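Visitor: Below is upload.txt; it holds compact mmCIF, C-alpha atoms and all ligand atoms.
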```txt
# COMPACT_ATOMS: atom_id res chain seq x y z
CA MET V 8 -75.80 -96.02 -97.74
CA ASP V 9 -79.49 -95.18 -97.35
CA LYS V 10 -79.83 -92.59 -94.59
CA VAL V 11 -82.11 -94.99 -92.69
CA PHE V 12 -79.38 -97.60 -92.33
CA GLU V 13 -76.87 -94.95 -91.38
CA LEU V 14 -79.20 -93.91 -88.54
CA ILE V 15 -79.82 -97.52 -87.46
CA SER V 16 -76.10 -98.10 -87.32
CA LYS V 17 -75.65 -94.98 -85.16
CA GLU V 18 -78.48 -96.10 -82.86
CA LYS V 19 -76.79 -99.51 -82.48
CA GLU V 20 -73.59 -97.76 -81.50
CA ARG V 21 -75.49 -95.58 -79.02
CA GLN V 22 -77.11 -98.62 -77.41
CA GLU V 23 -73.72 -100.32 -77.11
CA LYS V 24 -71.82 -97.32 -75.78
CA GLN V 25 -74.26 -95.68 -73.39
CA ILE V 26 -75.27 -97.14 -70.06
CA ASN V 27 -78.95 -98.01 -70.57
CA LEU V 28 -80.92 -98.13 -67.36
CA ILE V 29 -84.47 -97.88 -68.72
CA PRO V 30 -85.93 -100.97 -67.02
CA SER V 31 -88.34 -101.83 -69.83
CA GLU V 32 -85.58 -101.96 -72.45
CA ASN V 33 -83.27 -104.82 -73.25
CA ILE V 34 -81.18 -106.45 -75.95
CA ALA V 35 -83.12 -109.20 -77.72
CA PHE V 36 -81.65 -112.66 -78.15
CA GLU V 37 -79.58 -112.91 -81.35
CA GLY V 38 -82.03 -115.27 -83.16
CA VAL V 39 -84.90 -112.86 -82.50
CA TYR V 40 -83.41 -110.28 -84.88
CA GLU V 41 -83.17 -112.90 -87.61
CA ALA V 42 -86.77 -114.03 -87.18
CA VAL V 43 -88.19 -110.50 -86.97
CA GLY V 44 -86.28 -109.37 -90.04
CA SER V 45 -87.30 -112.43 -92.07
CA CYS V 46 -89.69 -112.97 -95.01
CA LEU V 47 -92.43 -113.85 -92.49
CA ALA V 48 -93.14 -110.12 -92.41
CA ASN V 49 -94.52 -110.51 -95.95
CA LYS V 50 -97.28 -112.93 -94.98
CA TYR V 51 -100.88 -112.21 -94.03
CA ALA V 52 -102.43 -114.78 -91.71
CA GLU V 53 -105.70 -113.46 -90.25
CA GLY V 54 -107.22 -116.14 -88.06
CA TYR V 55 -105.52 -118.85 -86.03
CA PRO V 56 -103.58 -122.01 -86.97
CA GLY V 57 -105.80 -124.28 -89.08
CA ARG V 58 -108.43 -121.55 -89.46
CA ARG V 59 -106.94 -118.84 -91.68
CA TYR V 60 -108.71 -116.59 -94.11
CA TYR V 61 -105.94 -116.65 -96.74
CA GLN V 62 -104.04 -119.53 -98.33
CA GLY V 63 -100.33 -120.20 -98.07
CA ASN V 64 -100.29 -120.40 -94.31
CA GLY V 65 -99.14 -123.99 -93.72
CA LEU V 66 -95.69 -123.00 -92.52
CA VAL V 67 -96.75 -120.00 -90.47
CA ASP V 68 -99.30 -122.26 -88.76
CA GLU V 69 -96.42 -124.45 -87.63
CA ILE V 70 -94.52 -121.39 -86.39
CA GLU V 71 -97.47 -120.03 -84.42
CA ILE V 72 -98.14 -123.44 -82.82
CA LEU V 73 -94.45 -123.66 -81.87
CA ALA V 74 -94.64 -120.24 -80.20
CA GLN V 75 -97.86 -121.21 -78.39
CA GLU V 76 -96.52 -124.52 -77.11
CA ARG V 77 -93.16 -123.14 -75.97
CA GLY V 78 -94.85 -120.15 -74.35
CA LYS V 79 -97.46 -122.25 -72.54
CA LYS V 80 -94.71 -124.26 -70.88
CA LEU V 81 -92.74 -121.14 -70.00
CA PHE V 82 -95.62 -119.16 -68.49
CA GLY V 83 -97.38 -122.19 -66.94
CA VAL V 84 -100.69 -121.57 -68.71
CA GLU V 85 -103.23 -123.76 -70.48
CA HIS V 86 -103.78 -121.50 -73.48
CA LEU V 87 -101.62 -118.80 -75.00
CA ASN V 88 -102.52 -116.18 -77.59
CA VAL V 89 -99.30 -114.91 -79.18
CA GLN V 90 -100.87 -112.40 -81.58
CA PRO V 91 -101.18 -109.14 -79.55
CA TYR V 92 -99.11 -106.42 -81.19
CA SER V 93 -97.92 -105.19 -77.80
CA GLY V 94 -98.85 -104.85 -74.14
CA SER V 95 -101.57 -102.24 -74.46
CA PRO V 96 -103.50 -104.17 -77.15
CA ALA V 97 -103.13 -107.34 -75.04
CA ASN V 98 -104.67 -105.71 -71.97
CA SER V 99 -107.37 -104.07 -74.08
CA ALA V 100 -108.27 -107.46 -75.61
CA VAL V 101 -108.65 -109.05 -72.17
CA GLN V 102 -110.88 -106.17 -71.06
CA MET V 103 -112.91 -106.35 -74.25
CA ALA V 104 -113.33 -110.11 -73.79
CA LEU V 105 -114.44 -110.04 -70.17
CA LEU V 106 -116.04 -106.66 -69.45
CA GLU V 107 -119.00 -104.68 -70.72
CA ALA V 108 -118.87 -100.89 -71.06
CA GLY V 109 -119.46 -99.34 -67.63
CA ASP V 110 -118.14 -102.32 -65.64
CA LYS V 111 -115.72 -101.61 -62.82
CA ILE V 112 -112.01 -102.18 -63.25
CA CYS V 113 -109.45 -101.86 -60.46
CA GLY V 114 -105.77 -101.12 -61.08
CA LEU V 115 -102.69 -99.48 -59.59
CA LYS V 116 -102.44 -95.73 -60.25
CA LEU V 117 -100.05 -94.79 -63.03
CA SER V 118 -98.24 -92.35 -60.72
CA ALA V 119 -97.75 -95.18 -58.21
CA GLY V 120 -96.14 -97.46 -60.80
CA GLY V 121 -99.19 -98.88 -62.59
CA HIS V 122 -99.93 -98.65 -66.31
CA LEU V 123 -102.20 -96.60 -68.56
CA THR V 124 -104.17 -99.73 -69.51
CA HIS V 125 -104.94 -100.58 -65.89
CA GLY V 126 -107.83 -98.11 -65.72
CA HIS V 127 -106.02 -94.78 -65.96
CA PRO V 128 -109.01 -92.40 -65.83
CA LYS V 129 -110.57 -90.40 -68.65
CA ILE V 130 -107.93 -90.47 -71.37
CA THR V 131 -107.40 -94.21 -71.91
CA PHE V 132 -109.57 -97.01 -73.31
CA SER V 133 -109.60 -98.71 -69.89
CA GLY V 134 -110.44 -95.52 -68.01
CA LYS V 135 -112.95 -94.15 -70.51
CA TYR V 136 -115.19 -97.14 -71.16
CA PHE V 137 -115.03 -98.73 -67.72
CA GLU V 138 -115.59 -97.32 -64.25
CA SER V 139 -112.12 -97.11 -62.83
CA VAL V 140 -111.19 -97.74 -59.20
CA GLN V 141 -107.52 -96.98 -58.63
CA TYR V 142 -105.31 -98.06 -55.74
CA ASP V 143 -102.16 -96.36 -54.50
CA VAL V 144 -98.95 -97.30 -52.74
CA GLU V 145 -98.02 -96.17 -49.22
CA GLU V 146 -95.33 -93.61 -48.30
CA ASP V 147 -92.71 -96.39 -48.42
CA GLY V 148 -93.74 -97.23 -51.98
CA ARG V 149 -95.40 -100.54 -51.06
CA ILE V 150 -98.93 -101.77 -51.67
CA ASP V 151 -100.89 -102.21 -48.43
CA TYR V 152 -102.75 -105.44 -49.24
CA ASP V 153 -105.23 -105.10 -46.34
CA LYS V 154 -106.19 -101.63 -47.52
CA LEU V 155 -106.49 -102.88 -51.09
CA ALA V 156 -108.66 -105.82 -50.00
CA GLN V 157 -110.98 -103.34 -48.26
CA LEU V 158 -111.19 -101.20 -51.39
CA VAL V 159 -111.97 -104.28 -53.49
CA GLU V 160 -114.64 -105.43 -51.04
CA GLN V 161 -116.30 -102.01 -51.02
CA SER V 162 -116.11 -101.28 -54.73
CA ARG V 163 -116.60 -104.86 -56.03
CA PRO V 164 -114.83 -104.47 -59.38
CA LYS V 165 -115.45 -106.98 -62.15
CA MET V 166 -111.74 -107.06 -63.00
CA ILE V 167 -108.57 -106.49 -61.01
CA MET V 168 -105.37 -105.66 -62.90
CA ALA V 169 -102.34 -106.75 -60.89
CA GLY V 170 -99.23 -105.48 -62.56
CA THR V 171 -96.71 -102.68 -62.54
CA THR V 172 -94.23 -100.63 -64.51
CA ALA V 173 -92.36 -98.88 -61.70
CA TYR V 174 -92.95 -101.03 -58.61
CA PRO V 175 -89.73 -102.40 -57.13
CA PHE V 176 -91.17 -105.09 -54.84
CA ILE V 177 -92.33 -108.68 -55.32
CA LEU V 178 -96.10 -108.85 -55.84
CA ASP V 179 -98.10 -111.09 -53.52
CA TRP V 180 -100.14 -113.04 -56.09
CA GLU V 181 -101.86 -115.13 -53.42
CA LYS V 182 -103.25 -112.05 -51.69
CA PHE V 183 -104.46 -110.66 -55.00
CA GLY V 184 -106.10 -114.04 -55.71
CA LYS V 185 -107.93 -114.10 -52.38
CA MET V 186 -109.39 -110.61 -52.76
CA ALA V 187 -110.48 -111.28 -56.33
CA ASP V 188 -112.16 -114.55 -55.33
CA LEU V 189 -113.98 -112.84 -52.49
CA VAL V 190 -115.86 -110.55 -54.87
CA GLY V 191 -115.87 -112.85 -57.91
CA ALA V 192 -113.61 -110.52 -59.95
CA TRP V 193 -111.48 -111.60 -62.89
CA LEU V 194 -107.85 -111.33 -61.89
CA VAL V 195 -105.36 -110.35 -64.58
CA ALA V 196 -101.62 -110.42 -63.86
CA ASP V 197 -99.74 -108.10 -66.19
CA ILE V 198 -96.19 -109.37 -65.79
CA SER V 199 -94.72 -107.37 -68.68
CA HIS V 200 -91.88 -105.95 -66.60
CA ILE V 201 -90.99 -109.01 -64.59
CA ALA V 202 -91.65 -111.77 -67.16
CA GLY V 203 -87.95 -112.61 -67.42
CA LEU V 204 -87.67 -112.88 -63.64
CA VAL V 205 -90.76 -115.09 -63.41
CA VAL V 206 -89.79 -117.50 -66.18
CA GLY V 207 -86.16 -117.38 -65.01
CA GLY V 208 -87.36 -118.72 -61.67
CA VAL V 209 -86.27 -115.82 -59.44
CA HIS V 210 -89.77 -114.39 -58.90
CA PRO V 211 -92.96 -116.27 -58.02
CA SER V 212 -95.32 -117.10 -60.87
CA PRO V 213 -98.85 -115.70 -60.67
CA SER V 214 -100.19 -118.72 -62.56
CA PRO V 215 -101.85 -120.61 -59.65
CA PHE V 216 -103.66 -117.51 -58.37
CA VAL V 217 -104.87 -115.55 -61.40
CA ASP V 218 -107.22 -116.16 -64.32
CA VAL V 219 -105.26 -114.45 -67.05
CA ILE V 220 -101.61 -113.47 -67.55
CA THR V 221 -100.61 -110.75 -69.98
CA SER V 222 -97.04 -109.89 -70.82
CA THR V 223 -94.97 -108.04 -73.33
CA THR V 224 -92.14 -110.15 -74.70
CA HIS V 225 -89.43 -107.54 -75.20
CA LYS V 226 -88.57 -106.37 -71.69
CA SER V 227 -86.77 -108.59 -69.18
CA LEU V 228 -87.71 -111.58 -71.41
CA ARG V 229 -85.41 -110.43 -74.27
CA GLY V 230 -87.86 -111.35 -77.04
CA PRO V 231 -89.35 -109.31 -79.89
CA ARG V 232 -91.61 -106.30 -79.49
CA GLY V 233 -94.95 -108.02 -78.92
CA ALA V 234 -97.18 -109.50 -76.24
CA VAL V 235 -99.01 -112.62 -75.15
CA ILE V 236 -102.20 -113.44 -73.27
CA GLY V 237 -102.23 -116.63 -71.24
CA VAL V 238 -105.24 -118.37 -69.72
CA THR V 239 -104.52 -120.31 -66.53
CA LYS V 240 -106.12 -123.48 -65.21
CA LYS V 241 -107.93 -121.33 -62.63
CA GLY V 242 -109.35 -119.12 -65.38
CA LEU V 243 -110.51 -122.06 -67.44
CA ASN V 244 -112.19 -123.60 -64.40
CA LYS V 245 -114.26 -120.43 -64.06
CA ASP V 246 -115.26 -120.28 -67.71
CA ILE V 247 -114.42 -122.99 -70.20
CA ASP V 248 -114.90 -120.50 -73.03
CA LEU V 249 -112.33 -118.06 -71.62
CA ALA V 250 -109.67 -118.95 -74.19
CA LYS V 251 -112.17 -118.59 -77.04
CA LYS V 252 -113.43 -115.23 -75.74
CA ILE V 253 -109.88 -113.90 -75.53
CA ASP V 254 -108.91 -115.19 -78.97
CA ARG V 255 -111.98 -113.57 -80.48
CA ALA V 256 -111.26 -110.27 -78.75
CA VAL V 257 -107.72 -110.22 -80.21
CA PHE V 258 -108.92 -111.21 -83.68
CA PRO V 259 -111.30 -110.06 -85.10
CA GLY V 260 -112.17 -107.87 -82.09
CA LEU V 261 -109.18 -105.55 -82.02
CA GLN V 262 -106.56 -106.63 -84.51
CA GLY V 263 -106.18 -107.74 -88.10
CA GLY V 264 -103.33 -109.83 -89.49
CA PRO V 265 -100.88 -111.07 -86.86
CA HIS V 266 -97.23 -110.11 -87.28
CA MET V 267 -95.88 -113.57 -88.09
CA ASN V 268 -92.27 -112.39 -88.00
CA THR V 269 -92.77 -111.23 -84.42
CA ILE V 270 -94.47 -114.51 -83.52
CA ALA V 271 -91.46 -116.40 -84.91
CA GLY V 272 -89.24 -114.13 -82.79
CA MET V 273 -91.31 -115.11 -79.75
CA ALA V 274 -90.84 -118.80 -80.51
CA VAL V 275 -87.07 -118.21 -80.59
CA ALA V 276 -87.10 -116.19 -77.35
CA PHE V 277 -89.28 -118.72 -75.50
CA GLU V 278 -86.81 -121.49 -76.34
CA GLU V 279 -83.88 -119.37 -75.10
CA ALA V 280 -85.69 -118.24 -71.95
CA GLY V 281 -86.41 -121.87 -71.04
CA LYS V 282 -82.69 -122.67 -70.80
CA PRO V 283 -80.83 -122.80 -67.44
CA GLU V 284 -78.53 -119.95 -68.62
CA PHE V 285 -81.53 -117.65 -68.67
CA GLY V 286 -82.16 -118.45 -65.00
CA GLN V 287 -78.59 -117.29 -64.34
CA TYR V 288 -79.26 -114.10 -66.29
CA ALA V 289 -82.45 -113.39 -64.30
CA LYS V 290 -80.55 -113.90 -61.04
CA GLN V 291 -77.84 -111.50 -62.19
CA VAL V 292 -80.45 -108.88 -63.14
CA VAL V 293 -81.74 -108.86 -59.55
CA ALA V 294 -78.23 -108.94 -58.03
CA ASN V 295 -77.16 -106.02 -60.22
CA ALA V 296 -80.22 -103.96 -59.28
CA LYS V 297 -79.47 -104.62 -55.61
CA ALA V 298 -75.84 -103.51 -56.09
CA LEU V 299 -77.04 -100.31 -57.78
CA GLU V 300 -79.50 -99.62 -54.95
CA THR V 301 -76.77 -100.07 -52.30
CA SER V 302 -74.41 -97.83 -54.21
CA LEU V 303 -77.02 -95.09 -54.68
CA ARG V 304 -77.85 -95.21 -50.98
CA SER V 305 -74.20 -94.79 -50.08
CA GLU V 306 -74.27 -91.68 -52.29
CA GLY V 307 -76.99 -90.35 -49.96
CA LEU V 308 -79.88 -90.81 -52.39
CA LYS V 309 -83.34 -91.96 -51.34
CA VAL V 310 -84.17 -95.22 -53.13
CA TYR V 311 -87.53 -96.90 -52.60
CA GLY V 312 -85.85 -100.32 -52.33
CA THR V 313 -85.64 -103.06 -54.91
CA GLU V 314 -86.49 -106.74 -55.02
CA ASN V 315 -86.60 -106.98 -58.78
CA HIS V 316 -84.95 -105.35 -61.81
CA LEU V 317 -85.81 -101.72 -61.11
CA MET V 318 -85.95 -98.92 -58.58
CA VAL V 319 -87.35 -95.42 -58.19
CA VAL V 320 -84.94 -92.79 -56.87
CA GLU V 321 -85.90 -89.41 -55.42
CA VAL V 322 -83.85 -86.58 -56.95
CA GLY V 323 -85.60 -83.45 -55.68
CA PHE V 324 -88.95 -81.74 -56.21
CA GLU V 325 -89.67 -81.50 -59.96
CA LYS V 326 -86.06 -82.43 -60.73
CA GLY V 327 -86.68 -85.80 -62.41
CA LYS V 328 -86.48 -84.55 -65.98
CA GLU V 329 -83.46 -82.36 -65.25
CA ALA V 330 -81.75 -85.35 -63.65
CA ALA V 331 -82.54 -87.62 -66.62
CA VAL V 332 -81.16 -85.03 -69.07
CA ALA V 333 -78.00 -84.50 -66.99
CA LEU V 334 -77.48 -88.26 -66.75
CA GLU V 335 -77.87 -88.64 -70.51
CA GLU V 336 -75.16 -86.01 -70.97
CA ALA V 337 -73.00 -88.15 -68.68
CA GLY V 338 -73.68 -91.25 -70.82
CA ILE V 339 -76.37 -92.83 -68.64
CA VAL V 340 -79.86 -93.22 -70.12
CA CYS V 341 -82.89 -93.49 -67.83
CA ASN V 342 -86.32 -91.90 -67.52
CA ALA V 343 -87.86 -89.33 -65.20
CA ASN V 344 -90.51 -90.89 -62.97
CA THR V 345 -92.95 -89.95 -60.27
CA ILE V 346 -92.05 -90.96 -56.73
CA PRO V 347 -94.77 -92.31 -54.38
CA HIS V 348 -97.28 -89.53 -53.58
CA ASP V 349 -95.36 -87.10 -55.79
CA LYS V 350 -96.66 -83.54 -55.49
CA ALA V 351 -95.04 -82.75 -58.83
CA GLY V 352 -96.71 -83.52 -62.17
CA PRO V 353 -95.82 -86.34 -64.60
CA PHE V 354 -93.84 -84.06 -66.95
CA GLU V 355 -91.53 -82.79 -64.25
CA PRO V 356 -91.70 -85.47 -61.57
CA SER V 357 -89.42 -85.75 -58.56
CA GLY V 358 -87.67 -89.00 -59.35
CA ILE V 359 -85.97 -91.21 -61.88
CA ARG V 360 -86.55 -94.89 -62.67
CA LEU V 361 -83.52 -97.14 -63.08
CA GLY V 362 -83.26 -100.78 -64.11
CA SER V 363 -80.66 -103.45 -64.72
CA PRO V 364 -81.90 -105.77 -67.55
CA MET V 365 -80.15 -104.21 -70.55
CA GLU V 366 -76.73 -103.70 -69.01
CA THR V 367 -76.92 -107.20 -67.53
CA SER V 368 -77.47 -108.50 -71.07
CA LYS V 369 -74.23 -106.74 -71.99
CA GLY V 370 -72.46 -108.75 -69.28
CA LEU V 371 -72.16 -106.17 -66.49
CA LYS V 372 -71.90 -107.45 -62.92
CA GLU V 373 -72.39 -106.06 -59.39
CA LYS V 374 -69.07 -104.16 -59.28
CA ASP V 375 -69.96 -102.38 -62.53
CA PHE V 376 -73.33 -101.36 -61.13
CA GLU V 377 -71.63 -100.06 -57.98
CA LYS V 378 -69.57 -97.76 -60.20
CA ILE V 379 -72.66 -96.68 -62.14
CA GLY V 380 -74.36 -95.82 -58.83
CA LYS V 381 -71.39 -93.66 -57.83
CA LYS V 382 -71.48 -91.83 -61.15
CA ILE V 383 -75.23 -91.24 -60.83
CA GLY V 384 -74.65 -89.89 -57.33
CA GLU V 385 -72.08 -87.41 -58.65
CA VAL V 386 -74.41 -86.18 -61.39
CA ILE V 387 -77.40 -85.81 -59.07
CA LYS V 388 -75.35 -83.88 -56.49
CA LYS V 389 -74.46 -81.33 -59.17
CA LEU V 390 -78.13 -80.73 -60.10
CA GLY V 391 -79.24 -77.20 -59.57
CA GLU V 392 -75.68 -75.90 -59.12
CA GLY V 393 -75.56 -72.48 -60.66
CA ASP V 394 -79.38 -72.02 -60.47
N1 LIG K 1 -93.37 -98.05 -71.62
C1 LIG K 1 -93.31 -99.16 -70.70
C2 LIG K 1 -92.34 -98.89 -69.61
O1 LIG K 1 -91.37 -98.19 -69.85
O2 LIG K 1 -92.50 -99.38 -68.51
C3 LIG K 1 -94.63 -99.53 -70.17
O3 LIG K 1 -95.51 -99.81 -71.21
```
Would you write out, as structure tokens, the structure that this file holds?
Ligand code: DSN

Guide:
Amino acid sequence: MDKVFELISKEKERQEKQINLIPSENIAFEGVYEAVGSCLANKYAEGYPGRRYYQGNGLVDEIEILAQERGKKLFGVEHLNVQPYSGSPANSAVQMALLEAGDKICGLKLSAGGHLTHGHPKITFSGKYFESVQYDVEEDGRIDYDKLAQLVEQSRPKMIMAGTTAYPFILDWEKFGKMADLVGAWLVADISHIAGLVVGGVHPSPSPFVDVITSTTHKSLRGPRGAVIGVTKKGLNKDIDLAKKIDRAVFPGLQGGPHMNTIAGMAVAFEEAGKPEFGQYAKQVVANAKALETSLRSEGLKVYGTENHLMVVEVGFEKGKEAAVALEEAGIVCNANTIPHDKAGPFEPSGIRLGSPMETSKGLKEKDFEKIGKKIGEVIKKLGEGD
């Protein structure tokens, strides 16, 4: 057997055997693998359905339209671009479409659970070419919306990024909408982490309150590794060319040929995620996270709460990485993470981030997560022993 396939087979075994608590990871729907591994990967299709630069695209046009139509229904948007290669290119395309270099962009700090593409200063596209205004969470890990509204009013950004990668609470889309409207800012909801919860009906949809929705498709949504950009009715009311601007920023602005195999995988995932069973799955994801939080608390650990699929747990000053390594040795995979207002740096932060989507996909329930919490407690208690 080619070494590559040997390694893939071992990785499959690892994913099945270990307890995977990285909240951004999941197991894709069965049909997604088939679509992503299909002959569609051979086809170039620069452009959009009906307007391609190469011939031979009749069938891929049908596939892309299917993905768009299914996705529009799922996300509650008027227009959906399914071509972004992943979340970072999707956010970059929205920024390229709607901002000029030097414009102000407002986003949650990375260390507070935001994302690099939400204006992380200096080293990222969004922080380098735009003037970044970053907001933080409070000691309890929550966003103070009054404080944020004040910051927005004072700084008057042209775009607000509302989205998170390590924020365990439900976002108040209406409040975000009000503050954006007050200063005439574009409001972008990046729902990459919570997409499965939103479309599964257990979390509120940002659609009525924001102009644009971006999302990866491979996290709680269980689709292929890719992303979408949706334009809402509100966004279109502000600028009827919004969809066109975004499409042009994706191609030819930032990307070349779309990955048609991934787009087919999205079409498959959107169909699956629209079924009532997926609503049950989303509910179980939240219930399992809650069970894990309760169990960790009974182990004496500080957890910054959870209302979604993830939580941040304090494990001791600069002990996040050590904890993640010790947990991996015990068969539990997670990632080190900063805690709110962490005095430690991002390489050796003071917490870990845990999530329930992948193990819920494997069929685990609350009682299993209680046991996992107990095991995590045991490992964390042993940290530093023998130092
Ligand atoms: N890497 C993703 C996560 O783990 O949350 C964000 O892009």

Visitor: Using all atoms listed in the file, find each residue of chain V with at least one atom at most 10 Å away from an atom of ligand LIG 1 (chain K); report its shortest atom-to-atom pair and that distance in Å (one decimal), sort the rows by chain and rising residue number, and return the result as CSV.

Guide:
```
residue,atom,partner,partner_atom,distance
V:Ile29,CA,K:LIG1,O1,7.0
V:Pro30,CA,K:LIG1,O1,6.7
V:Ser31,CA,K:LIG1,O1,4.7
V:Glu32,CA,K:LIG1,O1,7.4
V:Ser93,CA,K:LIG1,O3,8.8
V:Gly94,CA,K:LIG1,O3,6.7
V:Ser95,CA,K:LIG1,O3,7.3
V:Gly120,CA,K:LIG1,O2,8.7
V:Gly121,CA,K:LIG1,C3,8.9
V:His122,CA,K:LIG1,C3,6.6
V:Leu123,CA,K:LIG1,O3,7.9
V:Thr124,CA,K:LIG1,O3,8.8
V:Thr171,CA,K:LIG1,O2,8.0
V:Thr172,CA,K:LIG1,O2,4.5
V:Ala173,CA,K:LIG1,O2,6.8
V:Ser199,CA,K:LIG1,C3,8.0
V:His200,CA,K:LIG1,O2,6.9
V:Thr223,CA,K:LIG1,O3,8.5
V:Lys226,CA,K:LIG1,O2,8.6
V:Cys341,CA,K:LIG1,O1,9.9
V:Asn342,CA,K:LIG1,O1,8.4
V:Arg360,CA,K:LIG1,O1,9.3
```

Visitor: Of the candidates V:His316, V:Asn268, V:Ser162, V:Ile167, which shows the shortest atom-to-atom distance to Leu105 of chain V, using only C-alpha atoms?

Guide: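 The shortest atom-to-atom distance to Leu105 of chain V comes from V:Ile167.
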
Visitor: Identify which of the residues V:Met273, V:Ile130, V:Ala289, V:Leu73 lies closest to Ala202 of chain V, counting all atoms listed in the file when measuring atom-to-atom distances.

Guide: V:Ala289

Visitor: Could you tell me which of V:Asn295, V:Gly260, V:Lys80, V:Glu20 comes closest to Thr367 of chain V if we count all atoms listed in the file?

Guide: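 Between V:Asn295, V:Gly260, V:Lys80, V:Glu20, the residue approaching Thr367 of chain V most closely is V:Asn295.
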
Visitor: Which is closer to Val84 of chain V than all the others in V:Lys241, V:Lys154, V:Lys309, V:Lys282, using only C-alpha atoms?

Guide: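 Among V:Lys241, V:Lys154, V:Lys309, V:Lys282, it is V:Lys241 that comes nearest to Val84 of chain V.
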
Visitor: I'd like the neighbourhood of Leu178 of chain V as an MDAnalysis selection string, where a residue qualifies if any of its atoms comes within 9 Å (using only C-alpha atoms), though same-chain residues fewer than 4 positions away should be ignored.

Guide: chainID V and resid 150 169:170 174 182:183 210:211 213

Visitor: Between atom CA of Val320 of chain V and atom CA of Asp147 of chain V, measure the distance and give it in Å to one decimal.

Guide: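 Rounded to one decimal, the two atoms are 12.0 Å apart.
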
Visitor: Counting all atoms listed in the file, which residues sit no farther than 9 Å from the position (-86.3, -98.9, -57.9) in the file's frame? I'd like them as a list in words.

Guide: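 Using all atoms listed in the file, the matching residues come out as Ala173, Tyr174, Pro175, Phe176, Ala296, Glu300, Val310, Tyr311, Gly312, Thr313, Glu314, Asn315, His316, Leu317, Met318, Val319, Val320, Ile359, Arg360, Leu361 and Gly362 of chain V.
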
Visitor: Which residues come within 6 Å of Glu53 of chain V, counting all atoms listed in the file, excluding same-chain residues fewer than 6 positions away, as a list in words?

Guide: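 Everything that qualifies: Arg59, Tyr60 and Gly264 of chain V.
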
Visitor: Report, in Å with one decimal, the straight-line distance from atom CA of Arg255 of chain V to atom CA of Gly242 of chain V.

Guide: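 The value is 16.3 Å.
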
Visitor: If we count only C-alpha atoms and set the cut-off at 6 Å, which residues sit around segment 324-329 of chain V, ignoring sequence neighbours fewer than 6 positions away in its own chain? Please answer as a list in words.

Guide: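 Here the answer would be Ala343, Ala351, Glu355, Pro356, Ser357, Gly358 and Ile359 of chain V.
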
Visitor: Please save C-alpha atoms of the selected residues as a compact mmCIF listing (two decimals), in the coordinates of the input.

Guide:
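The resulting file, result-v1.txt, is shown below:
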```
# COMPACT_ATOMS: atom_id res chain seq x y z
CA ALA V 343 -87.86 -89.33 -65.20
CA ALA V 351 -95.04 -82.75 -58.83
CA GLU V 355 -91.53 -82.79 -64.25
CA PRO V 356 -91.70 -85.47 -61.57
CA SER V 357 -89.42 -85.75 -58.56
CA GLY V 358 -87.67 -89.00 -59.35
CA ILE V 359 -85.97 -91.21 -61.88
```

Visitor: As an exercise, work out the distance from atom CA of Ile220 of chain V to atom CA of Lys369 of chain V in Å and give it to one decimal place.

Guide: 28.5 Å

Visitor: Neighbouring residues of Gly286 of chain V were defined as those with any atom within 8 Å, considering all atoms listed in the file; residues of the same chain fewer than 5 positions away were excluded. Please report them as a ChimeraX atom specification.

Guide: /V:204,206-209,280

Visitor: Working from the structure I just supplied, which lacks atoms in segment 145-154 of chain V, can you model N, CA and C atoms there and output them as an mmCIF file, keeping the file's coordinate frame?

Guide:
```cif
data_model
loop_
_atom_site.group_PDB
_atom_site.id
_atom_site.type_symbol
_atom_site.label_atom_id
_atom_site.label_comp_id
_atom_site.auth_asym_id
_atom_site.auth_seq_id
_atom_site.Cartn_x
_atom_site.Cartn_y
_atom_site.Cartn_z
ATOM 1 N N GLU V 145 -98.204 -96.930 -50.457
ATOM 2 C CA GLU V 145 -98.020 -96.170 -49.220
ATOM 3 C C GLU V 145 -96.775 -95.273 -49.358
ATOM 4 N N GLU V 146 -96.501 -94.509 -48.294
ATOM 5 C CA GLU V 146 -95.330 -93.610 -48.300
ATOM 6 C C GLU V 146 -94.027 -94.347 -48.630
ATOM 7 N N ASP V 147 -93.937 -95.620 -48.181
ATOM 8 C CA ASP V 147 -92.710 -96.390 -48.420
ATOM 9 C C ASP V 147 -92.689 -97.018 -49.811
ATOM 10 N N GLY V 148 -93.706 -96.721 -50.606
ATOM 11 C CA GLY V 148 -93.740 -97.230 -51.980
ATOM 12 C C GLY V 148 -94.376 -98.599 -52.117
ATOM 13 N N ARG V 149 -94.839 -99.189 -51.002
ATOM 14 C CA ARG V 149 -95.400 -100.540 -51.060
ATOM 15 C C ARG V 149 -96.925 -100.536 -51.104
ATOM 16 N N ILE V 150 -97.479 -101.585 -51.687
ATOM 17 C CA ILE V 150 -98.930 -101.770 -51.670
ATOM 18 C C ILE V 150 -99.313 -102.286 -50.291
ATOM 19 N N ASP V 151 -100.341 -101.688 -49.687
ATOM 20 C CA ASP V 151 -100.890 -102.210 -48.430
ATOM 21 C C ASP V 151 -102.030 -103.147 -48.831
ATOM 22 N N TYR V 152 -101.772 -104.457 -48.739
ATOM 23 C CA TYR V 152 -102.750 -105.440 -49.240
ATOM 24 C C TYR V 152 -104.047 -105.453 -48.447
ATOM 25 N N ASP V 153 -103.979 -105.128 -47.144
ATOM 26 C CA ASP V 153 -105.230 -105.100 -46.340
ATOM 27 C C ASP V 153 -106.108 -103.957 -46.824
ATOM 28 N N LYS V 154 -105.467 -102.818 -47.028
ATOM 29 C CA LYS V 154 -106.190 -101.630 -47.520
ATOM 30 C C LYS V 154 -106.800 -101.912 -48.904
#
```
